[in-house]
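Printed here is final06.pdb (PDB, C-alpha atoms and all ligand atoms):
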```pdb
ATOM      1  CA  MET A 122     170.311 -83.459 194.578
ATOM      2  CA  PHE A 123     169.322 -79.798 194.706
ATOM      3  CA  ASN A 124     172.136 -77.712 196.075
ATOM      4  CA  PRO A 125     171.291 -74.005 196.366
ATOM      5  CA  PHE A 126     174.986 -73.179 196.697
ATOM      6  CA  LYS A 127     175.557 -74.274 193.130
ATOM      7  CA  THR A 128     172.672 -72.345 191.612
ATOM      8  CA  TRP A 129     172.792 -68.793 192.898
ATOM      9  CA  GLY A 130     175.610 -66.532 191.903
ATOM     10  CA  ALA A 131     175.965 -62.878 191.079
ATOM     11  CA  ALA A 132     176.931 -63.421 187.486
ATOM     12  CA  THR A 133     173.698 -61.910 186.221
ATOM     13  CA  ARG A 134     173.781 -58.820 188.409
ATOM     14  CA  PRO A 135     174.218 -55.595 186.424
ATOM     15  CA  ALA A 136     177.652 -53.985 186.610
ATOM     16  CA  GLN A 137     177.942 -51.237 189.213
ATOM     17  CA  PRO A 138     179.050 -47.869 187.886
ATOM     18  CA  SER A 139     182.642 -47.276 188.919
ATOM     19  CA  ALA A 140     183.123 -44.795 191.753
ATOM     20  CA  LEU A 141     186.199 -43.647 189.848
ATOM     21  CA  GLY A 142     184.061 -42.618 186.923
ATOM     22  CA  GLY A 143     185.831 -45.046 184.614
ATOM     23  CA  PRO A 144     184.716 -48.423 183.377
ATOM     24  CA  ALA A 145     183.625 -50.792 186.118
ATOM     25  CA  SER A 146     186.457 -52.955 187.385
ATOM     26  CA  SER A 147     185.756 -56.544 188.266
ATOM     27  CA  TRP A 148     186.887 -60.102 188.739
ATOM     28  CA  ARG A 149     184.870 -62.491 186.612
ATOM     29  CA  LEU A 150     184.879 -66.096 187.767
ATOM     30  CA  GLU A 151     183.540 -68.323 184.998
ATOM     31  CA  HIS A 152     182.920 -71.784 186.351
ATOM     32  CA  LEU A 153     186.178 -71.287 188.208
ATOM     33  CA  ALA A 154     187.327 -74.484 189.913
ATOM     34  CA  VAL A 155     189.519 -73.793 192.919
ATOM     35  CA  GLY A 156     191.705 -76.216 194.826
ATOM     36  CA  VAL A 157     195.114 -76.903 196.261
ATOM     37  CA  PRO A 158     197.662 -77.567 193.482
ATOM     38  CA  GLY A 159     197.622 -81.274 192.735
ATOM     39  CA  GLY A 160     194.647 -81.822 195.021
ATOM     40  CA  ASP A 161     190.917 -82.149 194.554
ATOM     41  CA  THR A 162     188.737 -79.232 193.536
ATOM     42  CA  LEU A 163     187.325 -77.605 196.655
ATOM     43  CA  VAL A 164     184.832 -75.166 195.193
ATOM     44  CA  SER A 165     183.433 -74.032 191.854
ATOM     45  CA  LEU A 166     182.304 -70.455 191.394
ATOM     46  CA  HIS A 167     180.471 -68.617 188.652
ATOM     47  CA  THR A 168     180.103 -64.996 189.601
ATOM     48  CA  ARG A 169     181.520 -61.495 189.359
ATOM     49  CA  ILE A 170     183.084 -59.361 192.085
ATOM     50  CA  GLU A 171     182.993 -55.620 191.538
ATOM     51  CA  ALA A 172     185.139 -52.704 192.670
ATOM     52  CA  GLY A 173     183.783 -49.932 194.876
ATOM     53  CA  ARG A 174     182.351 -52.545 197.211
ATOM     54  CA  VAL A 175     183.434 -54.619 200.172
ATOM     55  CA  THR A 176     182.976 -58.316 199.458
ATOM     56  CA  ALA A 177     183.324 -60.592 202.482
ATOM     57  CA  ILE A 178     184.246 -64.201 201.793
ATOM     58  CA  VAL A 179     182.758 -66.381 204.517
ATOM     59  CA  GLY A 180     182.400 -70.109 205.050
ATOM     60  CA  PRO A 181     183.310 -72.939 207.392
ATOM     61  CA  ASN A 182     186.912 -73.929 208.107
ATOM     62  CA  GLY A 183     188.405 -75.778 205.166
ATOM     63  CA  ALA A 184     185.699 -74.687 202.714
ATOM     64  CA  GLY A 185     188.264 -73.140 200.388
ATOM     65  CA  LYS A 186     188.244 -69.408 201.204
ATOM     66  CA  SER A 187     192.035 -68.997 201.368
ATOM     67  CA  SER A 188     192.379 -71.261 198.343
ATOM     68  CA  LEU A 189     190.053 -68.927 196.454
ATOM     69  CA  LEU A 190     192.176 -65.937 197.449
ATOM     70  CA  SER A 191     195.355 -67.783 196.405
ATOM     71  CA  THR A 192     193.727 -68.347 193.019
ATOM     72  CA  LEU A 193     192.629 -64.714 192.691
ATOM     73  CA  THR A 194     196.162 -63.577 193.501
ATOM     74  CA  GLY A 195     197.532 -65.889 190.818
ATOM     75  CA  GLN A 196     199.595 -67.899 193.306
ATOM     76  CA  TRP A 197     197.556 -71.006 192.496
ATOM     77  CA  GLN A 198     196.351 -72.018 189.059
ATOM     78  CA  PRO A 199     192.629 -72.711 188.658
ATOM     79  CA  HIS A 200     191.701 -76.393 188.362
ATOM     80  CA  GLY A 201     189.292 -75.393 185.613
ATOM     81  CA  GLY A 202     187.108 -72.622 184.253
ATOM     82  CA  GLN A 203     188.317 -69.106 183.647
ATOM     83  CA  LEU A 204     189.337 -66.128 185.739
ATOM     84  CA  PHE A 205     189.195 -62.636 184.271
ATOM     85  CA  PHE A 206     190.500 -59.444 185.851
ATOM     86  CA  ASP A 207     189.086 -56.355 184.178
ATOM     87  CA  GLY A 208     188.056 -58.407 181.184
ATOM     88  CA  GLN A 209     191.470 -60.030 180.592
ATOM     89  CA  PRO A 210     192.402 -63.548 181.655
ATOM     90  CA  LEU A 211     194.428 -63.170 184.855
ATOM     91  CA  SER A 212     197.282 -65.127 183.261
ATOM     92  CA  ARG A 213     197.742 -62.342 180.676
ATOM     93  CA  TRP A 214     198.529 -59.741 183.338
ATOM     94  CA  SER A 215     202.184 -59.343 184.249
ATOM     95  CA  SER A 216     203.102 -59.396 187.914
ATOM     96  CA  GLU A 217     204.376 -55.807 187.533
ATOM     97  CA  GLN A 218     201.013 -54.625 186.184
ATOM     98  CA  LEU A 219     199.132 -56.500 188.890
ATOM     99  CA  ALA A 220     201.302 -55.094 191.670
ATOM    100  CA  LEU A 221     200.156 -51.595 190.715
ATOM    101  CA  ARG A 222     196.513 -52.644 190.866
ATOM    102  CA  ARG A 223     196.162 -55.040 193.759
ATOM    103  CA  ALA A 224     197.736 -55.669 197.143
ATOM    104  CA  MET A 225     197.522 -58.821 199.238
ATOM    105  CA  MET A 226     197.536 -59.489 202.939
ATOM    106  CA  MET A 227     197.608 -63.231 203.499
ATOM    107  CA  GLN A 228     196.925 -65.116 206.720
ATOM    108  CA  ASP A 229     200.531 -65.747 207.702
ATOM    109  CA  GLY A 230     201.952 -62.352 208.595
ATOM    110  CA  GLY A 231     205.432 -63.731 209.152
ATOM    111  CA  VAL A 232     208.343 -62.206 207.256
ATOM    112  CA  ALA A 233     211.445 -64.068 206.181
ATOM    113  CA  PHE A 234     213.887 -61.427 207.420
ATOM    114  CA  ASP A 235     214.243 -59.380 210.540
ATOM    115  CA  PHE A 236     212.606 -56.295 209.006
ATOM    116  CA  THR A 237     211.518 -53.285 210.973
ATOM    117  CA  VAL A 238     207.901 -52.176 210.810
ATOM    118  CA  GLN A 239     208.846 -49.293 208.534
ATOM    119  CA  GLU A 240     210.770 -51.601 206.197
ATOM    120  CA  VAL A 241     207.737 -53.886 205.913
ATOM    121  CA  VAL A 242     205.502 -50.940 205.036
ATOM    122  CA  GLU A 243     208.127 -49.722 202.535
ATOM    123  CA  LEU A 244     207.891 -53.121 200.830
ATOM    124  CA  GLY A 245     204.426 -52.003 199.750
ATOM    125  CA  ARG A 246     206.086 -49.285 197.684
ATOM    126  CA  TYR A 247     208.424 -51.698 195.865
ATOM    127  CA  ALA A 248     205.976 -51.952 192.974
ATOM    128  CA  HIS A 249     206.380 -48.207 192.389
ATOM    129  CA  ARG A 250     210.196 -48.129 192.338
ATOM    130  CA  LEU A 251     210.419 -47.399 188.603
ATOM    131  CA  HIS A 252     207.877 -44.576 188.756
ATOM    132  CA  PRO A 253     207.970 -43.373 192.348
ATOM    133  CA  SER A 254     205.541 -40.883 193.779
ATOM    134  CA  THR A 255     206.845 -37.440 194.591
ATOM    135  CA  ASP A 256     206.384 -38.289 198.267
ATOM    136  CA  GLU A 257     207.311 -41.932 198.857
ATOM    137  CA  ALA A 258     208.369 -41.316 202.470
ATOM    138  CA  GLY A 259     205.168 -39.386 203.179
ATOM    139  CA  ILE A 260     203.006 -42.246 201.880
ATOM    140  CA  VAL A 261     204.778 -44.741 204.148
ATOM    141  CA  ALA A 262     204.444 -42.380 207.119
ATOM    142  CA  ARG A 263     200.743 -41.746 206.479
ATOM    143  CA  ALA A 264     199.964 -45.442 206.023
ATOM    144  CA  MET A 265     201.702 -46.207 209.329
ATOM    145  CA  ALA A 266     199.830 -43.376 211.029
ATOM    146  CA  LEU A 267     196.504 -44.659 209.677
ATOM    147  CA  THR A 268     196.949 -48.047 211.327
ATOM    148  CA  GLN A 269     198.752 -46.543 214.327
ATOM    149  CA  VAL A 270     202.030 -48.389 213.995
ATOM    150  CA  SER A 271     204.245 -45.288 213.704
ATOM    151  CA  ALA A 272     205.353 -45.713 217.313
ATOM    152  CA  PHE A 273     206.802 -49.140 216.381
ATOM    153  CA  ALA A 274     208.435 -47.939 213.156
ATOM    154  CA  GLN A 275     211.980 -48.994 214.090
ATOM    155  CA  ARG A 276     211.056 -52.218 215.895
ATOM    156  CA  SER A 277     211.468 -55.633 214.350
ATOM    157  CA  VAL A 278     208.086 -56.989 213.214
ATOM    158  CA  ARG A 279     209.080 -60.240 214.922
ATOM    159  CA  THR A 280     208.775 -58.516 218.294
ATOM    160  CA  LEU A 281     205.215 -57.282 217.713
ATOM    161  CA  SER A 282     202.004 -58.772 219.025
ATOM    162  CA  GLY A 283     199.741 -60.516 216.511
ATOM    163  CA  GLY A 284     197.414 -57.527 216.268
ATOM    164  CA  GLU A 285     200.287 -55.055 215.868
ATOM    165  CA  ARG A 286     201.772 -57.237 213.141
ATOM    166  CA  ALA A 287     198.431 -57.383 211.346
ATOM    167  CA  ARG A 288     198.199 -53.567 211.485
ATOM    168  CA  THR A 289     201.725 -53.361 210.051
ATOM    169  CA  HIS A 290     200.742 -55.527 207.090
ATOM    170  CA  LEU A 291     197.560 -53.511 206.672
ATOM    171  CA  ALA A 292     199.723 -50.374 206.457
ATOM    172  CA  ARG A 293     201.889 -52.169 203.872
ATOM    173  CA  VAL A 294     198.978 -52.958 201.550
ATOM    174  CA  LEU A 295     197.458 -49.496 201.987
ATOM    175  CA  ALA A 296     200.829 -47.936 201.123
ATOM    176  CA  GLN A 297     201.006 -50.105 198.008
ATOM    177  CA  LEU A 298     197.676 -48.760 196.743
ATOM    178  CA  TRP A 299     197.868 -45.303 198.285
ATOM    179  CA  GLU A 300     197.524 -43.382 195.040
ATOM    180  CA  PRO A 301     195.363 -44.133 191.991
ATOM    181  CA  ALA A 302     197.227 -46.309 189.514
ATOM    182  CA  ALA A 303     198.827 -44.213 186.761
ATOM    183  CA  CYS A 304     197.692 -46.876 184.283
ATOM    184  CA  GLY A 305     194.069 -46.294 185.404
ATOM    185  CA  GLY A 306     191.584 -48.836 186.699
ATOM    186  CA  ALA A 307     190.443 -49.528 190.206
ATOM    187  CA  ARG A 308     192.790 -50.786 192.908
ATOM    188  CA  TRP A 309     192.016 -53.981 194.814
ATOM    189  CA  LEU A 310     192.750 -55.151 198.345
ATOM    190  CA  LEU A 311     192.735 -58.947 198.769
ATOM    191  CA  LEU A 312     192.838 -59.757 202.469
ATOM    192  CA  ASP A 313     192.777 -63.090 204.271
ATOM    193  CA  GLU A 314     191.266 -62.669 207.736
ATOM    194  CA  PRO A 315     192.755 -59.206 208.250
ATOM    195  CA  THR A 316     191.000 -58.767 211.609
ATOM    196  CA  ALA A 317     191.650 -62.259 213.033
ATOM    197  CA  ALA A 318     194.346 -61.119 215.484
ATOM    198  CA  MET A 319     192.877 -57.698 216.217
ATOM    199  CA  ASP A 320     191.057 -56.551 219.327
ATOM    200  CA  LEU A 321     187.422 -55.461 219.182
ATOM    201  CA  ALA A 322     188.185 -51.802 218.526
ATOM    202  CA  TRP A 323     190.681 -52.572 215.749
ATOM    203  CA  GLN A 324     188.339 -55.088 214.115
ATOM    204  CA  HIS A 325     185.797 -52.300 213.690
ATOM    205  CA  GLN A 326     188.354 -49.612 212.801
ATOM    206  CA  THR A 327     189.854 -51.869 210.150
ATOM    207  CA  MET A 328     186.539 -52.828 208.586
ATOM    208  CA  ALA A 329     185.362 -49.193 208.648
ATOM    209  CA  LEU A 330     188.620 -48.128 207.001
ATOM    210  CA  LEU A 331     188.206 -50.759 204.292
ATOM    211  CA  ARG A 332     184.623 -49.667 203.712
ATOM    212  CA  ASP A 333     185.777 -46.046 203.425
ATOM    213  CA  TRP A 334     188.395 -47.017 200.866
ATOM    214  CA  ALA A 335     185.700 -48.779 198.864
ATOM    215  CA  HIS A 336     183.007 -46.107 199.208
ATOM    216  CA  ALA A 337     184.262 -42.717 200.253
ATOM    217  CA  GLY A 338     187.202 -40.403 200.704
ATOM    218  CA  PRO A 339     190.175 -39.841 198.437
ATOM    219  CA  SER A 340     190.660 -43.562 197.851
ATOM    220  CA  ALA A 341     187.034 -44.298 196.912
ATOM    221  CA  GLY A 342     186.492 -47.001 194.353
ATOM    222  CA  VAL A 343     188.912 -49.538 195.735
ATOM    223  CA  GLY A 344     187.631 -53.098 195.527
ATOM    224  CA  VAL A 345     187.925 -54.967 198.802
ATOM    225  CA  ILE A 346     187.765 -58.752 199.017
ATOM    226  CA  ALA A 347     188.289 -59.970 202.571
ATOM    227  CA  VAL A 348     187.898 -63.329 204.242
ATOM    228  CA  VAL A 349     186.076 -62.832 207.548
ATOM    229  CA  HIS A 350     184.667 -65.227 210.120
ATOM    230  CA  ASP A 351     182.647 -62.712 212.118
ATOM    231  CA  MET A 352     179.101 -62.601 210.731
ATOM    232  CA  ASN A 353     178.332 -59.324 212.485
ATOM    233  CA  LEU A 354     181.381 -57.614 210.999
ATOM    234  CA  ALA A 355     180.308 -58.883 207.593
ATOM    235  CA  LEU A 356     176.726 -57.698 208.097
ATOM    236  CA  ARG A 357     177.838 -54.277 209.268
ATOM    237  CA  TYR A 358     180.644 -53.503 206.832
ATOM    238  CA  ALA A 359     180.344 -55.709 203.749
ATOM    239  CA  ASP A 360     178.192 -54.803 200.783
ATOM    240  CA  ASP A 361     178.270 -58.328 199.465
ATOM    241  CA  VAL A 362     178.972 -61.721 200.916
ATOM    242  CA  LEU A 363     180.402 -64.655 199.008
ATOM    243  CA  LEU A 364     179.594 -67.716 201.077
ATOM    244  CA  VAL A 365     181.706 -70.748 200.202
ATOM    245  CA  HIS A 366     180.222 -74.041 201.275
ATOM    246  CA  GLY A 367     179.825 -77.591 200.068
ATOM    247  CA  GLY A 368     181.767 -77.047 196.859
ATOM    248  CA  GLY A 369     179.665 -74.107 195.674
ATOM    249  CA  CYS A 370     178.884 -70.553 196.649
ATOM    250  CA  LEU A 371     176.185 -68.035 197.400
ATOM    251  CA  HIS A 372     177.006 -64.475 196.389
ATOM    252  CA  GLY A 373     174.828 -61.454 196.924
ATOM    253  CA  PRO A 374     174.021 -58.563 199.251
ATOM    254  CA  ALA A 375     175.264 -59.328 202.772
ATOM    255  CA  HIS A 376     171.850 -59.314 204.434
ATOM    256  CA  GLU A 377     170.391 -61.556 201.723
ATOM    257  CA  VAL A 378     173.117 -64.189 201.984
ATOM    258  CA  LEU A 379     173.644 -64.187 205.746
ATOM    259  CA  THR A 380     170.142 -65.047 206.849
ATOM    260  CA  PRO A 381     169.570 -66.945 210.123
ATOM    261  CA  GLU A 382     168.335 -69.880 208.041
ATOM    262  CA  THR A 383     171.499 -70.028 205.954
ATOM    263  CA  ILE A 384     173.718 -69.674 209.012
ATOM    264  CA  ALA A 385     171.877 -72.525 210.735
ATOM    265  CA  GLN A 386     172.179 -74.664 207.610
ATOM    266  CA  VAL A 387     175.877 -74.009 207.033
ATOM    267  CA  TRP A 388     177.310 -73.758 210.541
ATOM    268  CA  GLY A 389     174.593 -75.502 212.573
ATOM    269  CA  VAL A 390     174.469 -72.530 214.909
ATOM    270  CA  GLY A 391     171.227 -70.886 216.022
ATOM    271  CA  CYS A 392     171.010 -67.237 215.156
ATOM    272  CA  PHE A 393     168.695 -64.512 216.437
ATOM    273  CA  ALA A 394     168.416 -61.162 214.733
ATOM    274  CA  THR A 395     168.604 -57.951 216.666
ATOM    275  CA  GLN A 396     169.107 -54.371 215.598
ATOM    276  CA  ALA A 397     171.906 -52.011 216.552
ATOM    277  CA  PRO A 398     170.893 -48.420 217.398
ATOM    278  CA  ASP A 399     172.009 -47.314 213.930
ATOM    279  CA  GLY A 400     169.555 -49.781 212.369
ATOM    280  CA  THR A 401     172.150 -52.351 211.301
ATOM    281  CA  ALA A 402     170.957 -55.930 211.656
ATOM    282  CA  GLN A 403     173.200 -57.933 213.980
ATOM    283  CA  TYR A 404     172.949 -61.500 215.243
ATOM    284  CA  LEU A 405     173.138 -63.255 218.598
ATOM    285  CA  PHE A 406     174.300 -66.860 218.381
ATOM    286  CA  ALA A 407     173.507 -69.979 220.362
ATOM    287  CA  GLN A 408     174.451 -73.577 219.706
ATOM    288  CA  ASN A 409     171.447 -75.497 218.394
TER     289      ASN A 409
HETATM  290  N1  LIG A 501     199.156 -76.162 200.873
HETATM  291  C1  LIG A 501     198.224 -77.089 201.094
HETATM  292  N2  LIG A 501     198.471 -78.387 200.923
HETATM  293  C2  LIG A 501     197.531 -79.327 201.146
HETATM  294  N3  LIG A 501     196.279 -79.055 201.531
HETATM  295  C3  LIG A 501     195.967 -77.772 201.729
HETATM  296  C4  LIG A 501     196.913 -76.698 201.520
HETATM  297  N4  LIG A 501     196.300 -75.538 201.779
HETATM  298  C5  LIG A 501     195.038 -75.843 202.165
HETATM  299  N5  LIG A 501     194.830 -77.158 202.119
HETATM  300  C6  LIG A 501     193.576 -77.855 202.436
HETATM  301  O1  LIG A 501     192.572 -77.350 201.562
HETATM  302  C7  LIG A 501     191.348 -77.180 202.266
HETATM  303  C8  LIG A 501     190.881 -75.747 202.124
HETATM  304  O2  LIG A 501     191.816 -74.921 202.794
HETATM  305  P1  LIG A 501     191.599 -73.362 202.853
HETATM  306  O3  LIG A 501     192.770 -72.813 203.595
HETATM  307  O4  LIG A 501     191.316 -72.834 201.510
HETATM  308  O5  LIG A 501     190.271 -73.278 203.751
HETATM  309  P2  LIG A 501     189.575 -72.028 204.422
HETATM  310  O6  LIG A 501     188.161 -72.014 203.973
HETATM  311  O7  LIG A 501     190.372 -70.789 204.167
HETATM  312  O8  LIG A 501     189.641 -72.447 205.961
HETATM  313  P3  LIG A 501     189.849 -71.616 207.340
HETATM  314  O9  LIG A 501     188.531 -70.984 207.667
HETATM  315  O10 LIG A 501     190.195 -72.712 208.306
HETATM  316  O11 LIG A 501     190.970 -70.636 207.142
HETATM  317  C9  LIG A 501     191.615 -77.603 203.701
HETATM  318  O12 LIG A 501     191.109 -78.900 203.886
HETATM  319  C10 LIG A 501     193.108 -77.558 203.834
HETATM  320  O13 LIG A 501     193.562 -78.517 204.757
END
```

Starting from the file, lay out its structure as structure tokens.
Amino acid sequence: MFNPFKTWGAATRPAQPSALGGPASSWRLEHLAVGVPGGDTLVSLHTRIEAGRVTAIVGPNGAGKSSLLSTLTGQWQPHGGQLFFDGQPLSRWSSEQLALRRAMMMQDGGVAFDFTVQEVVELGRYAHRLHPSTDEAGIVARAMALTQVSAFAQRSVRTLSGGERARTHLARVLAQLWEPAACGGARWLLLDEPTAAMDLAWQHQTMALLRDWAHAGPSAGVGVIAVVHDMNLALRYADDVLLVHGGGCLHGPAHEVLTPETIAQVWGVGCFATQAPDGTAQYLFAQN
């Protein structure tokens, strides 16, 4: 049976020039089969994700979004196909090399020990311990200031609210990638529902910050891959959307993937387009 989710990927899109001026950095997913270790394959993907852009991973509960992230981070082995990071199979990268190039914020923000907020953010700098920056403390302080957790610096993360904890982990991953990697190449943020626990203002501040890191400012050129459930956040802040559904994916510009028709087909929710004052398309939803 015809399944559009298995036929349209971004694999044939031309490479974007790198905002860093170097060679384009990308993840290449070649017929990549993703699934829980020892379980069935959840989704197969054949596409390429490029740096200097925000890519939102969307899809229904259980579709395989977190599983895809776990595969991209190397925590889970692919069930099949190939996964290349900057042209090299992911398995050929050492964890030390990868830690200088990509930072991860997974769904469970719990920490095993009773760390303070500052200690959690300092963990982001662990990857740089052999070649520290000239201002390690300043990086940690600036990352905490950016996500406004400085006031909690000496509190145990276990005592924070869900949103405060999420902002602490956001500061951690930003601290990890604060400076361009000495080895060159773009830096990547892999984030699983970073805004899920955040209030309305922080959802927008976080997505705007991620977009700035991808597009503008001193950190321009960072690749951002983030699982999000909010279609309007994805429409407003993501360049591309990778929609995981029914064992396959759609990947392309956000407004081309997240059409009212596709949303109705995938989630069974009615969707009416409206326009924000800045011209951004946004949707109103109603159960069909
Ligand atoms: N460690 C695990 N062991 C067994 N099954 C798992 C495990 N992790 C996930 N699964 C199952 O794999 C499927 C995909 O899970 P995954 O977390 O990737 O979905 P998701 O798209 O991220 O969903 P959500 O939107 O609910 O976060 C689900 O059916 C889930 O129950």

For this file, the PyMOL selection byres (((not hetatm)) within 12 of (chain A and resi 501)) selects which residues, as a ChimeraX atom specification? /A:155-164,178-192,196-197,227-229,312-315,317,347-351,363-368,370,388

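What the PyMOL selection byres (((chain A and resi 232) around 12) and not hetatm) matches in the given file is Met226, Met227, Gln228, Asp229, Gly230, Gly231, Ala233, Phe234, Asp235, Phe236, Thr237, Val238, Glu240, Val241, Val242, Leu244, Ser277, Val278, Arg279, Thr280, Leu281, Arg286, Ala287, Thr289 and His290 of chain A.
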
Give as a PyMOL selection string the residues that the PyMOL selection byres (((chain A and resi 300) around 10) and not hetatm) matches when applied to the coordinates above. chain A and resi 221+254+260+295-299+301-303+308+339-340

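Point (188.1, -59.2, 179.7) has the following residues at most 12 Å away: Pro144, Ala145, Ser146, Ser147, Trp148, Arg149, Leu150, Glu151, Arg169, Gln203, Leu204, Phe205, Phe206, Asp207, Gly208, Gln209, Pro210, Leu211, Ser212, Arg213 and Trp214 of chain A (atoms considered: all atoms listed in the file).
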
Scan for residues within 12 Å of the point (205.9, -60.3, 191.1) in the coordinates of the file, using all atoms listed in the file, and reply as a ChimeraX atom specification. /A:194-196,214-221,223-225,247-248

Point-to-point distance in Å for CA of Trp309 (chain A) and CA of His376 (chain A): 23.0 Å

Rounded to one decimal, what separation in Å do you get between CA of Thr176 (chain A) and CA of His200 (chain A)?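 Computing the Euclidean distance for CA of Thr176 (chain A) and CA of His200 (chain A) yields 22.9 Å.
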
Could you tell me how far CA of Leu291 (chain A) lies from CA of Leu267 (chain A), in Å and to one decimal?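 CA of Leu267 (chain A) lies at a distance of 9.4 Å from CA of Leu291 (chain A).
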
Taking only C-alpha atoms into account, name the residue in A:Ala172, A:Val378, A:Leu405, A:Val270 that is nearest to Val390 (chain A).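 That would be A:Leu405, the residue with the smallest distance to Val390 (chain A).
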
With distances taken over all atoms listed in the file, which residue among A:Gln239, A:Gln198, A:Thr168, A:Thr383 lies nearest Gly259 (chain A)?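 Of the candidates, the smallest distance to Gly259 (chain A) is held by A:Gln239.
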
I'd like the box whose edges run along x, y and z of the file and which contains every listed atom of region 146-154 of chain A, padded by 6 Å per side; could you state its centre and edge lengths in Å, one decimal, as lines of an AutoDock Vina configuration file?
```
center_x = 185.1
center_y = -63.7
center_z = 187.5
size_x = 16.4
size_y = 33.5
size_z = 16.9
```

For region 269-354 of chain A against region 398-404 of chain A, with a cut-off of 9 Å and counting all atoms listed in the file, what is the closest atom pair and its distance in Å to one decimal for every residue that makes the cut, ordered by chain and number, as a tab-separated table?
```
residue	atom	partner	partner_atom	distance
A:Met352	CA	A:Tyr404	CA	7.7
A:Asn353	CA	A:Gln403	CA	5.5
A:Leu354	CA	A:Gln403	CA	8.7
```

Can you write out the residues you just picked, keeping C-alpha atoms, as a PDB file, in the frame of the given file?
```pdb
ATOM      1  CA  MET A 352     179.101 -62.601 210.731  1.00  0.00           C
ATOM      2  CA  ASN A 353     178.332 -59.324 212.485  1.00  0.00           C
ATOM      3  CA  LEU A 354     181.381 -57.614 210.999  1.00  0.00           C
TER       4      LEU A 354
END
```

Since the input lacks some atoms of region 310-323 of chain A, please model N, CA and C atoms and print them as a PDB file, keeping the file's coordinate frame.
```pdb
ATOM      1  N   LEU A 310     192.149 -54.574 197.142  1.00  0.00           N
ATOM      2  CA  LEU A 310     192.750 -55.151 198.345  1.00  0.00           C
ATOM      3  C   LEU A 310     192.217 -56.565 198.511  1.00  0.00           C
ATOM      4  N   LEU A 311     193.116 -57.551 198.551  1.00  0.00           N
ATOM      5  CA  LEU A 311     192.735 -58.947 198.769  1.00  0.00           C
ATOM      6  C   LEU A 311     193.296 -59.358 200.133  1.00  0.00           C
ATOM      7  N   LEU A 312     192.420 -59.629 201.079  1.00  0.00           N
ATOM      8  CA  LEU A 312     192.838 -59.757 202.469  1.00  0.00           C
ATOM      9  C   LEU A 312     192.303 -61.052 203.069  1.00  0.00           C
ATOM     10  N   ASP A 313     193.204 -61.832 203.654  1.00  0.00           N
ATOM     11  CA  ASP A 313     192.777 -63.090 204.271  1.00  0.00           C
ATOM     12  C   ASP A 313     192.710 -62.919 205.793  1.00  0.00           C
ATOM     13  N   GLU A 314     191.521 -62.849 206.298  1.00  0.00           N
ATOM     14  CA  GLU A 314     191.266 -62.669 207.736  1.00  0.00           C
ATOM     15  C   GLU A 314     192.094 -61.523 208.321  1.00  0.00           C
ATOM     16  N   PRO A 315     191.924 -60.326 207.779  1.00  0.00           N
ATOM     17  CA  PRO A 315     192.755 -59.206 208.250  1.00  0.00           C
ATOM     18  C   PRO A 315     192.515 -58.864 209.718  1.00  0.00           C
ATOM     19  N   THR A 316     191.324 -59.182 210.235  1.00  0.00           N
ATOM     20  CA  THR A 316     191.000 -58.767 211.609  1.00  0.00           C
ATOM     21  C   THR A 316     191.166 -59.897 212.620  1.00  0.00           C
ATOM     22  N   ALA A 317     191.652 -61.072 212.160  1.00  0.00           N
ATOM     23  CA  ALA A 317     191.650 -62.259 213.033  1.00  0.00           C
ATOM     24  C   ALA A 317     192.411 -62.040 214.336  1.00  0.00           C
ATOM     25  N   ALA A 318     193.523 -61.299 214.280  1.00  0.00           N
ATOM     26  CA  ALA A 318     194.346 -61.119 215.484  1.00  0.00           C
ATOM     27  C   ALA A 318     194.049 -59.804 216.200  1.00  0.00           C
ATOM     28  N   MET A 319     193.092 -59.056 215.687  1.00  0.00           N
ATOM     29  CA  MET A 319     192.877 -57.698 216.217  1.00  0.00           C
ATOM     30  C   MET A 319     191.875 -57.684 217.360  1.00  0.00           C
ATOM     31  N   ASP A 320     192.033 -56.712 218.242  1.00  0.00           N
ATOM     32  CA  ASP A 320     191.057 -56.551 219.327  1.00  0.00           C
ATOM     33  C   ASP A 320     189.768 -55.959 218.753  1.00  0.00           C
ATOM     34  N   LEU A 321     188.758 -55.886 219.615  1.00  0.00           N
ATOM     35  CA  LEU A 321     187.422 -55.461 219.182  1.00  0.00           C
ATOM     36  C   LEU A 321     187.454 -54.105 218.484  1.00  0.00           C
ATOM     37  N   ALA A 322     188.163 -53.153 219.097  1.00  0.00           N
ATOM     38  CA  ALA A 322     188.185 -51.802 218.526  1.00  0.00           C
ATOM     39  C   ALA A 322     188.841 -51.814 217.148  1.00  0.00           C
ATOM     40  N   TRP A 323     189.973 -52.553 217.035  1.00  0.00           N
ATOM     41  CA  TRP A 323     190.681 -52.572 215.749  1.00  0.00           C
ATOM     42  C   TRP A 323     189.936 -53.359 214.684  1.00  0.00           C
TER      43      TRP A 323
END
```
